[in-house]
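Asker: Got protein_35.csv for you, CSV, C-alpha atoms (C1' of nucleotides):
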chain,number,residue,atom,x,y,z
A,1,MET,CA,-7.1,-18.8,9.1
A,2,ASP,CA,-6.6,-18.9,12.8
A,3,LYS,CA,-5.9,-15.2,13.6
A,4,SER,CA,-5.0,-14.2,17.1
A,5,ILE,CA,-3.9,-10.7,16.3
A,6,CYS,CA,-5.6,-7.8,18.0
A,7,PRO,CA,-8.2,-6.2,15.7
A,8,ARG,CA,-7.1,-2.7,16.7
A,9,PHE,CA,-3.6,-3.5,15.7
A,10,GLU,CA,-4.8,-4.9,12.4
A,11,LYS,CA,-6.9,-1.8,11.8
A,12,ALA,CA,-3.9,0.4,12.5
A,13,MET,CA,-1.8,-1.6,10.0
A,14,THR,CA,-4.5,-1.4,7.4
A,15,ILE,CA,-4.6,2.4,7.7
A,16,LEU,CA,-0.9,2.9,7.9
A,17,SER,CA,0.1,0.5,5.2
A,18,GLN,CA,-2.0,2.2,2.5
A,19,ARG,CA,0.3,3.6,0.0
A,20,TRP,CA,1.2,7.3,0.7
A,21,THR,CA,-0.6,7.4,4.0
A,22,GLY,CA,2.6,7.4,6.1
A,23,MET,CA,4.3,10.0,3.9
A,24,ILE,CA,1.2,12.3,4.1
A,25,ILE,CA,1.2,12.1,7.9
A,26,TYR,CA,5.0,12.6,8.1
A,27,GLN,CA,4.7,15.6,5.9
A,28,LEU,CA,1.9,17.1,8.0
A,29,LEU,CA,4.1,16.8,11.2
A,30,SER,CA,5.9,19.9,10.0
A,31,GLY,CA,2.6,21.9,10.2
A,32,PRO,CA,-0.6,22.6,8.3
A,33,GLN,CA,-0.2,22.3,4.5
A,34,ARG,CA,-2.2,22.8,1.3
A,35,PHE,CA,-3.1,20.2,-1.2
A,36,CYS,CA,-0.6,21.3,-3.8
A,37,THR,CA,2.2,21.5,-1.3
A,38,ILE,CA,1.7,18.0,-0.1
A,39,GLU,CA,1.3,16.8,-3.7
A,40,SER,CA,4.6,18.3,-4.8
A,41,SER,CA,6.6,17.5,-1.6
A,42,ILE,CA,6.0,13.8,-1.5
A,43,GLY,CA,5.3,13.2,-5.2
A,44,VAL,CA,1.8,11.6,-4.9
A,45,SER,CA,-0.7,12.0,-7.7
A,46,GLY,CA,-3.6,14.3,-7.0
A,47,ARG,CA,-6.0,11.5,-7.6
A,48,VAL,CA,-4.6,9.4,-4.8
A,49,LEU,CA,-3.9,12.4,-2.5
A,50,SER,CA,-7.5,13.4,-2.7
A,51,GLU,CA,-8.6,9.9,-1.8
A,52,ARG,CA,-6.2,9.5,1.1
A,53,LEU,CA,-7.0,12.9,2.6
A,54,LYS,CA,-10.7,12.0,2.6
A,55,ASP,CA,-10.0,8.6,4.3
A,56,LEU,CA,-7.7,10.2,6.9
A,57,GLU,CA,-10.3,12.8,7.6
A,58,ILE,CA,-12.9,10.1,8.1
A,59,GLU,CA,-10.5,8.3,10.4
A,60,GLY,CA,-10.1,11.5,12.4
A,61,ILE,CA,-6.3,11.7,11.8
A,62,VAL,CA,-6.4,14.7,9.5
A,63,LYS,CA,-8.6,17.8,9.6
A,64,ARG,CA,-9.5,20.1,6.6
A,65,LYS,CA,-9.9,23.9,7.0
A,66,VAL,CA,-11.2,26.1,4.3
A,67,TYR,CA,-10.1,29.8,4.1
A,68,PRO,CA,-12.3,31.7,1.7
A,69,ASP,CA,-9.4,33.6,0.1
A,70,THR,CA,-9.2,33.9,-3.6
A,71,PRO,CA,-8.4,31.5,-5.0
A,72,VAL,CA,-9.8,29.4,-2.2
A,73,ARG,CA,-7.1,28.1,0.3
A,74,ILE,CA,-7.6,24.8,2.0
A,75,GLU,CA,-5.2,23.7,4.7
A,76,TYR,CA,-4.8,20.1,6.0
A,77,SER,CA,-3.4,19.4,9.4
A,78,LEU,CA,-3.1,16.6,11.9
A,79,THR,CA,-5.6,16.1,14.7
A,80,ASP,CA,-4.5,14.9,18.2
A,81,LYS,CA,-5.0,11.4,16.9
A,82,GLY,CA,-2.7,12.2,14.0
A,83,ILE,CA,-0.1,14.0,16.2
A,84,ALA,CA,0.0,10.9,18.4
A,85,LEU,CA,1.6,9.1,15.5
A,86,GLU,CA,4.8,11.2,15.8
A,87,PRO,CA,6.8,8.7,18.0
A,88,LEU,CA,6.1,6.1,15.3
A,89,MET,CA,7.3,8.4,12.6
A,90,ARG,CA,10.5,9.2,14.6
A,91,ASP,CA,11.1,5.5,15.0
A,92,ILE,CA,10.9,4.9,11.3
A,93,GLU,CA,13.4,7.8,10.9
A,94,LYS,CA,15.7,6.3,13.4
A,95,TRP,CA,15.5,2.8,11.9
A,96,SER,CA,16.1,4.1,8.4
A,97,GLN,CA,19.2,6.0,9.6
A,98,SER,CA,20.6,3.0,11.4
A,99,TRP,CA,19.8,0.3,8.9
A,100,LEU,CA,19.4,1.6,5.4
A,101,GLU,CA,22.0,2.7,2.8
A,102,VAL,CA,21.6,5.8,0.8
B,1,MET,CA,8.0,18.0,-7.3
B,2,ASP,CA,10.3,19.7,-4.8
B,3,LYS,CA,11.0,16.9,-2.4
B,4,SER,CA,13.1,17.5,0.7
B,5,ILE,CA,12.4,14.2,2.4
B,6,CYS,CA,15.3,12.0,3.4
B,7,PRO,CA,15.8,9.2,0.9
B,8,ARG,CA,16.4,6.7,3.7
B,9,PHE,CA,13.1,7.6,5.3
B,10,GLU,CA,11.4,7.3,1.9
B,11,LYS,CA,12.9,3.9,1.4
B,12,ALA,CA,11.8,2.8,4.8
B,13,MET,CA,8.3,3.9,4.1
B,14,THR,CA,8.3,2.2,0.7
B,15,ILE,CA,9.2,-1.1,2.4
B,16,LEU,CA,6.9,-0.8,5.4
B,17,SER,CA,3.9,0.4,3.5
B,18,GLN,CA,3.8,-2.5,1.2
B,19,ARG,CA,0.6,-4.4,2.0
B,20,TRP,CA,1.2,-7.3,4.5
B,21,THR,CA,4.8,-6.3,5.2
B,22,GLY,CA,4.1,-4.9,8.6
B,23,MET,CA,1.9,-7.8,9.6
B,24,ILE,CA,4.6,-10.3,8.5
B,25,ILE,CA,7.2,-8.6,10.6
B,26,TYR,CA,4.9,-8.3,13.6
B,27,GLN,CA,4.1,-11.9,13.4
B,28,LEU,CA,7.7,-12.9,13.3
B,29,LEU,CA,8.5,-10.9,16.4
B,30,SER,CA,7.0,-13.8,18.3
B,31,GLY,CA,9.7,-16.1,16.9
B,32,PRO,CA,10.6,-18.1,13.8
B,33,GLN,CA,7.7,-19.4,11.9
B,34,ARG,CA,6.8,-21.5,8.9
B,35,PHE,CA,5.2,-20.4,5.7
B,36,CYS,CA,1.8,-22.0,6.4
B,37,THR,CA,1.7,-20.6,9.9
B,38,ILE,CA,2.3,-17.0,8.8
B,39,GLU,CA,-0.2,-17.5,6.0
B,40,SER,CA,-3.0,-18.7,8.3
B,41,SER,CA,-2.2,-16.4,11.2
B,42,ILE,CA,-2.4,-13.1,9.3
B,43,GLY,CA,-4.7,-14.2,6.4
B,44,VAL,CA,-2.4,-13.3,3.6
B,45,SER,CA,-2.6,-15.3,0.3
B,46,GLY,CA,0.3,-17.6,-0.5
B,47,ARG,CA,1.0,-15.8,-3.7
B,48,VAL,CA,1.7,-12.5,-1.9
B,49,LEU,CA,3.3,-14.0,1.1
B,50,SER,CA,5.9,-15.8,-1.1
B,51,GLU,CA,6.6,-12.5,-2.9
B,52,ARG,CA,6.9,-10.5,0.4
B,53,LEU,CA,9.2,-13.0,2.1
B,54,LYS,CA,11.5,-12.9,-1.0
B,55,ASP,CA,11.6,-9.1,-0.9
B,56,LEU,CA,12.2,-9.0,2.9
B,57,GLU,CA,15.0,-11.5,2.5
B,58,ILE,CA,16.6,-9.4,-0.1
B,59,GLU,CA,16.3,-6.3,2.2
B,60,GLY,CA,18.0,-8.3,4.9
B,61,ILE,CA,15.0,-8.1,7.3
B,62,VAL,CA,14.0,-11.7,7.2
B,63,LYS,CA,16.1,-14.9,6.9
B,64,ARG,CA,15.0,-18.3,5.6
B,65,LYS,CA,16.3,-21.6,7.0
B,66,VAL,CA,15.7,-25.0,5.5
B,67,TYR,CA,15.3,-28.1,7.7
B,68,PRO,CA,15.5,-31.2,5.5
B,69,ASP,CA,12.8,-33.0,7.4
B,70,THR,CA,10.0,-34.8,5.6
B,71,PRO,CA,8.1,-33.0,4.4
B,72,VAL,CA,10.7,-30.2,4.2
B,73,ARG,CA,10.4,-27.6,6.9
B,74,ILE,CA,11.3,-24.0,6.2
B,75,GLU,CA,11.5,-21.4,9.0
B,76,TYR,CA,11.4,-17.7,8.5
B,77,SER,CA,12.8,-15.4,11.2
B,78,LEU,CA,13.9,-11.8,11.7
B,79,THR,CA,17.4,-10.7,11.3
B,80,ASP,CA,18.9,-8.0,13.6
B,81,LYS,CA,17.7,-5.4,11.1
B,82,GLY,CA,14.2,-6.9,11.4
B,83,ILE,CA,14.3,-7.1,15.2
B,84,ALA,CA,15.3,-3.4,15.2
B,85,LEU,CA,11.7,-2.8,13.9
B,86,GLU,CA,10.2,-3.9,17.2
B,87,PRO,CA,10.0,-0.4,18.8
B,88,LEU,CA,8.1,0.8,15.8
B,89,MET,CA,5.7,-2.2,16.0
B,90,ARG,CA,5.1,-1.4,19.7
B,91,ASP,CA,4.3,2.2,18.8
B,92,ILE,CA,1.7,1.0,16.4
B,93,GLU,CA,0.3,-1.3,19.1
B,94,LYS,CA,0.2,1.6,21.6
B,95,TRP,CA,-1.4,4.0,19.2
B,96,SER,CA,-4.0,1.5,18.2
B,97,GLN,CA,-4.9,0.8,21.8
B,98,SER,CA,-5.2,4.5,22.6
B,99,TRP,CA,-6.9,5.8,19.5
B,100,LEU,CA,-8.9,3.1,17.7
B,101,GLU,CA,-12.2,1.6,18.6
B,102,VAL,CA,-12.9,-2.1,18.4
C,1,DT,C1',-2.3,-47.1,-5.8
C,2,DT,C1',-4.3,-43.4,-3.7
C,3,DA,C1',-4.1,-39.8,-0.5
C,4,DG,C1',-1.7,-36.4,2.3
C,5,DT,C1',2.0,-33.1,3.5
C,6,DT,C1',4.7,-28.5,2.8
C,7,DA,C1',6.2,-24.7,0.2
C,8,DG,C1',5.5,-22.8,-3.1
C,9,DT,C1',4.0,-21.4,-8.5
C,10,DT,C1',0.7,-20.4,-12.3
C,11,DA,C1',-3.3,-18.5,-14.7
C,12,DC,C1',-6.9,-15.6,-14.3
C,13,DT,C1',-9.9,-11.9,-12.1
C,14,DT,C1',-10.5,-7.9,-9.3
C,15,DT,C1',-8.8,-3.9,-7.2
C,16,DA,C1',-5.6,0.0,-6.6
C,17,DT,C1',-2.7,3.3,-8.5
C,18,DG,C1',-0.6,6.3,-12.1
C,19,DT,C1',-1.3,9.7,-16.0
C,20,DA,C1',-3.2,13.3,-18.1
C,21,DA,C1',-6.9,16.0,-19.2
C,22,DG,C1',-11.0,18.4,-17.5
C,23,DT,C1',-13.9,21.3,-14.1
C,24,DA,C1',-15.7,25.2,-11.1
C,25,DA,C1',-15.0,29.5,-9.1
C,26,DT,C1',-12.6,33.5,-9.1
C,27,DT,C1',-9.1,37.3,-10.3
C,28,DA,C1',-5.7,39.2,-13.4
C,29,DT,C1',-4.0,40.6,-17.9
C,30,DA,C1',-4.1,41.9,-23.0
D,1,DT,C1',-14.3,41.3,-23.8
D,2,DA,C1',-11.7,37.4,-24.3
D,3,DT,C1',-7.9,34.8,-22.6
D,4,DA,C1',-5.1,33.2,-19.1
D,5,DA,C1',-4.0,31.8,-14.4
D,6,DT,C1',-4.9,29.9,-9.9
D,7,DT,C1',-6.4,26.1,-6.5
D,8,DA,C1',-8.5,22.0,-5.4
D,9,DC,C1',-10.2,18.7,-7.0
D,10,DT,C1',-12.7,14.9,-10.5
D,11,DT,C1',-12.9,11.9,-14.5
D,12,DA,C1',-11.6,8.6,-18.0
D,13,DC,C1',-8.4,5.5,-19.2
D,14,DA,C1',-4.0,2.4,-18.8
D,15,DT,C1',-1.0,-0.2,-16.0
D,16,DA,C1',0.4,-2.5,-11.8
D,17,DA,C1',-0.6,-5.0,-7.6
D,18,DA,C1',-3.3,-8.2,-5.0
D,19,DG,C1',-6.9,-12.0,-4.4
D,20,DT,C1',-8.5,-16.7,-5.7
D,21,DA,C1',-8.1,-21.2,-6.8
D,22,DA,C1',-6.0,-24.8,-9.0
D,23,DC,C1',-1.6,-27.0,-9.8
D,24,DT,C1',3.4,-28.8,-8.9
D,25,DA,C1',7.5,-31.3,-6.8
D,26,DA,C1',9.2,-34.2,-3.5
D,27,DC,C1',8.3,-37.2,-0.3
D,28,DT,C1',5.6,-40.4,3.3
D,29,DA,C1',1.7,-43.1,5.0
D,30,DA,C1',-2.2,-46.2,4.4
What is this structure when it is put down as structure tokens?
Answerer:
Amino acid sequence: MDKSICPRFEKAMTILSQRWTGMIIYQLLSGPQRFCTIESSIGVSGRVLSERLKDLEIEGIVKRKVYPDTPVRIEYSLTDKGIALEPLMRDIEKWSQSWLEV
Amino acid sequence: MDKSICPRFEKAMTILSQRWTGMIIYQLLSGPQRFCTIESSIGVSGRVLSERLKDLEIEGIVKRKVYPDTPVRIEYSLTDKGIALEPLMRDIEKWSQSWLEV
DNA sequence: TTAGTTAGTTACTTTATGTAAGTAATTATA
DNA sequence: TATAATTACTTACATAAAGTAACTAACTAA
């Protein structure tokens, strides 16, 4: 191993290439959403979604807000750090439109 | 499941969020490279690198060229479709510089 | 003849993810 | 009063993906 890749870039890749992470962030670009909404809109299992949201919260990309309604309502949304990923998501959209078949 | 996400976007995400795929593409942005160079520069195992390069070739993102030197030399490089991912990689670079600690 | 090279492959282990059922706290319904 | 329903998870178990290390083919060099 003779790496010369920027450790920040590597860390970004490690976060973003986790399965479902990109889809979760993309989904949250359209506004705050609840657990079950994210789950059904992208098709991730609850087990993994729960794990990813925790990781993304630790990374400061996603924030979790509890509303003490009944039953309890919890909303996940992007922080500024998360919103800063929007250009990247738009580039993925553009690339997919230009280069992928349906 | 009530997905409303563009299938092209989903496919792009599926490709790009495979572990090591992003790093391989990023590495190839600096020019054609051999198997062992990619392997040691990003730290991926030969087993997975071999698998990923095959997948990326099938997707038309990477091309493989054989030079019958001795020992044989094989160079991997990006196709136009692969080069089109550069803006996206630069976005990740920028985001990582702005938002991640070392 | 033995060792070295590149570009892989194979067998085996460890880790990650999927699946489906279960839980806690609370309200609604029969 | 008991049963069902809701949300946001967690748990246990099965399957899939990735890591590790040894091995292979084809050839050259010492």
Asker: In Å, with one decimal, what is the gap from CA of Arg34 (chain B) to CA of Ile58 (chain B)?
Answerer: 18.0 Å
Asker: Hey, list the chain B side of the contact with chain D: 10 Å cut-off, all atoms listed in the file, answer as a ChimeraX atom specification.
Answerer: /B:19,44-48,69-72
Asker: Compare B:Ser40, B:Ser4, B:Ser50, B:Gln18 by their minimum atom-to-atom distance to chain C, counting only C-alpha atoms (C1' of nucleotides), and give me the closest one.
Answerer: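 Checking each of B:Ser40, B:Ser4, B:Ser50, B:Gln18 against chain C, counting only C-alpha atoms (C1' of nucleotides), the winner is B:Ser50.
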Asker: As an exercise, work out the distance from CA of Trp20 (chain A) to CA of Gln97 (chain B) in Å and give it to one decimal place.
Answerer: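 Going from CA of Trp20 (chain A) over to CA of Gln97 (chain B) covers 22.9 Å.
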Asker: Taking all atoms listed in the file into account, which of A:Met13, A:Met23, A:Leu56, A:Ile42 comes nearest Ile92 (chain A)?
Answerer: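 Closest to Ile92 (chain A) of all the choices is A:Met23.
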Asker: As a VMD selection string, please: the residues near region 25-32 of chain A (cut-off 10 Å, all atoms listed in the file, same-chain neighbours under 6 positions excluded).
Answerer: (chain A and resid 16 38 41 to 42 53 56 61 to 65 74 to 78 82 to 83 85 to 86 88 to 90) or (chain B and resid 5 9)
Asker: Copy region 7-67 of chain A out of the block into a file, keeping C-alpha atoms, as a PDB file, in the first residue's frame.
Answerer:
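For reference, out-v5.pdb as written:
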ATOM      1  CA  PRO A   7      -7.701  11.253   4.088  1.00  0.00           C
ATOM      2  CA  ARG A   8     -10.679  13.634   4.048  1.00  0.00           C
ATOM      3  CA  PHE A   9     -11.657  12.429   0.607  1.00  0.00           C
ATOM      4  CA  GLU A  10     -11.317   8.859   1.765  1.00  0.00           C
ATOM      5  CA  LYS A  11     -13.506   9.524   4.765  1.00  0.00           C
ATOM      6  CA  ALA A  12     -16.149  11.156   2.571  1.00  0.00           C
ATOM      7  CA  MET A  13     -16.107   8.103   0.319  1.00  0.00           C
ATOM      8  CA  THR A  14     -16.387   5.764   3.270  1.00  0.00           C
ATOM      9  CA  ILE A  15     -19.479   7.592   4.504  1.00  0.00           C
ATOM     10  CA  LEU A  16     -21.107   8.043   1.122  1.00  0.00           C
ATOM     11  CA  SER A  17     -20.464   4.557  -0.210  1.00  0.00           C
ATOM     12  CA  GLN A  18     -22.237   2.856   2.678  1.00  0.00           C
ATOM     13  CA  ARG A  19     -25.242   1.123   1.242  1.00  0.00           C
ATOM     14  CA  TRP A  20     -28.405   3.333   1.480  1.00  0.00           C
ATOM     15  CA  THR A  21     -26.586   6.429   2.760  1.00  0.00           C
ATOM     16  CA  GLY A  22     -26.857   8.289  -0.546  1.00  0.00           C
ATOM     17  CA  MET A  23     -30.518   7.416  -0.960  1.00  0.00           C
ATOM     18  CA  ILE A  24     -31.319   8.581   2.574  1.00  0.00           C
ATOM     19  CA  ILE A  25     -29.605  11.927   2.016  1.00  0.00           C
ATOM     20  CA  TYR A  26     -31.265  12.349  -1.382  1.00  0.00           C
ATOM     21  CA  GLN A  27     -34.657  11.599   0.112  1.00  0.00           C
ATOM     22  CA  LEU A  28     -34.129  14.140   2.899  1.00  0.00           C
ATOM     23  CA  LEU A  29     -33.314  16.858   0.353  1.00  0.00           C
ATOM     24  CA  SER A  30     -37.069  17.154  -0.195  1.00  0.00           C
ATOM     25  CA  GLY A  31     -37.566  18.087   3.465  1.00  0.00           C
ATOM     26  CA  PRO A  32     -37.808  16.606   6.964  1.00  0.00           C
ATOM     27  CA  GLN A  33     -39.226  13.120   7.041  1.00  0.00           C
ATOM     28  CA  ARG A  34     -40.266  10.425   9.452  1.00  0.00           C
ATOM     29  CA  PHE A  35     -38.710   7.007   9.843  1.00  0.00           C
ATOM     30  CA  CYS A  36     -41.541   5.093   8.195  1.00  0.00           C
ATOM     31  CA  THR A  37     -41.671   7.533   5.273  1.00  0.00           C
ATOM     32  CA  ILE A  38     -37.990   7.143   4.485  1.00  0.00           C
ATOM     33  CA  GLU A  39     -38.283   3.385   4.941  1.00  0.00           C
ATOM     34  CA  SER A  40     -41.101   3.000   2.428  1.00  0.00           C
ATOM     35  CA  SER A  41     -39.923   5.581  -0.085  1.00  0.00           C
ATOM     36  CA  ILE A  42     -36.474   4.124  -0.652  1.00  0.00           C
ATOM     37  CA  GLY A  43     -37.174   0.502   0.320  1.00  0.00           C
ATOM     38  CA  VAL A  44     -34.521   0.112   2.990  1.00  0.00           C
ATOM     39  CA  SER A  45     -35.115  -2.257   5.892  1.00  0.00           C
ATOM     40  CA  GLY A  46     -35.840  -0.766   9.303  1.00  0.00           C
ATOM     41  CA  ARG A  47     -32.819  -2.498  10.730  1.00  0.00           C
ATOM     42  CA  VAL A  48     -30.390  -0.791   8.386  1.00  0.00           C
ATOM     43  CA  LEU A  49     -32.253   2.538   8.302  1.00  0.00           C
ATOM     44  CA  SER A  50     -32.008   2.780  12.069  1.00  0.00           C
ATOM     45  CA  GLU A  51     -28.275   2.045  11.898  1.00  0.00           C
ATOM     46  CA  ARG A  52     -27.640   4.566   9.090  1.00  0.00           C
ATOM     47  CA  LEU A  53     -29.609   7.379  10.709  1.00  0.00           C
ATOM     48  CA  LYS A  54     -27.596   6.915  13.886  1.00  0.00           C
ATOM     49  CA  ASP A  55     -24.308   7.043  11.945  1.00  0.00           C
ATOM     50  CA  LEU A  56     -25.428  10.079   9.945  1.00  0.00           C
ATOM     51  CA  GLU A  57     -26.467  11.843  13.140  1.00  0.00           C
ATOM     52  CA  ILE A  58     -23.045  11.126  14.667  1.00  0.00           C
ATOM     53  CA  GLU A  59     -21.405  12.512  11.514  1.00  0.00           C
ATOM     54  CA  GLY A  60     -23.516  15.667  11.859  1.00  0.00           C
ATOM     55  CA  ILE A  61     -25.187  15.167   8.483  1.00  0.00           C
ATOM     56  CA  VAL A  62     -28.674  14.404   9.784  1.00  0.00           C
ATOM     57  CA  LYS A  63     -30.560  15.724  12.816  1.00  0.00           C
ATOM     58  CA  ARG A  64     -33.359  14.029  14.744  1.00  0.00           C
ATOM     59  CA  LYS A  65     -36.246  15.924  16.267  1.00  0.00           C
ATOM     60  CA  VAL A  66     -38.825  14.384  18.612  1.00  0.00           C
ATOM     61  CA  TYR A  67     -42.400  15.706  18.677  1.00  0.00           C
TER      62      TYR A  67
END
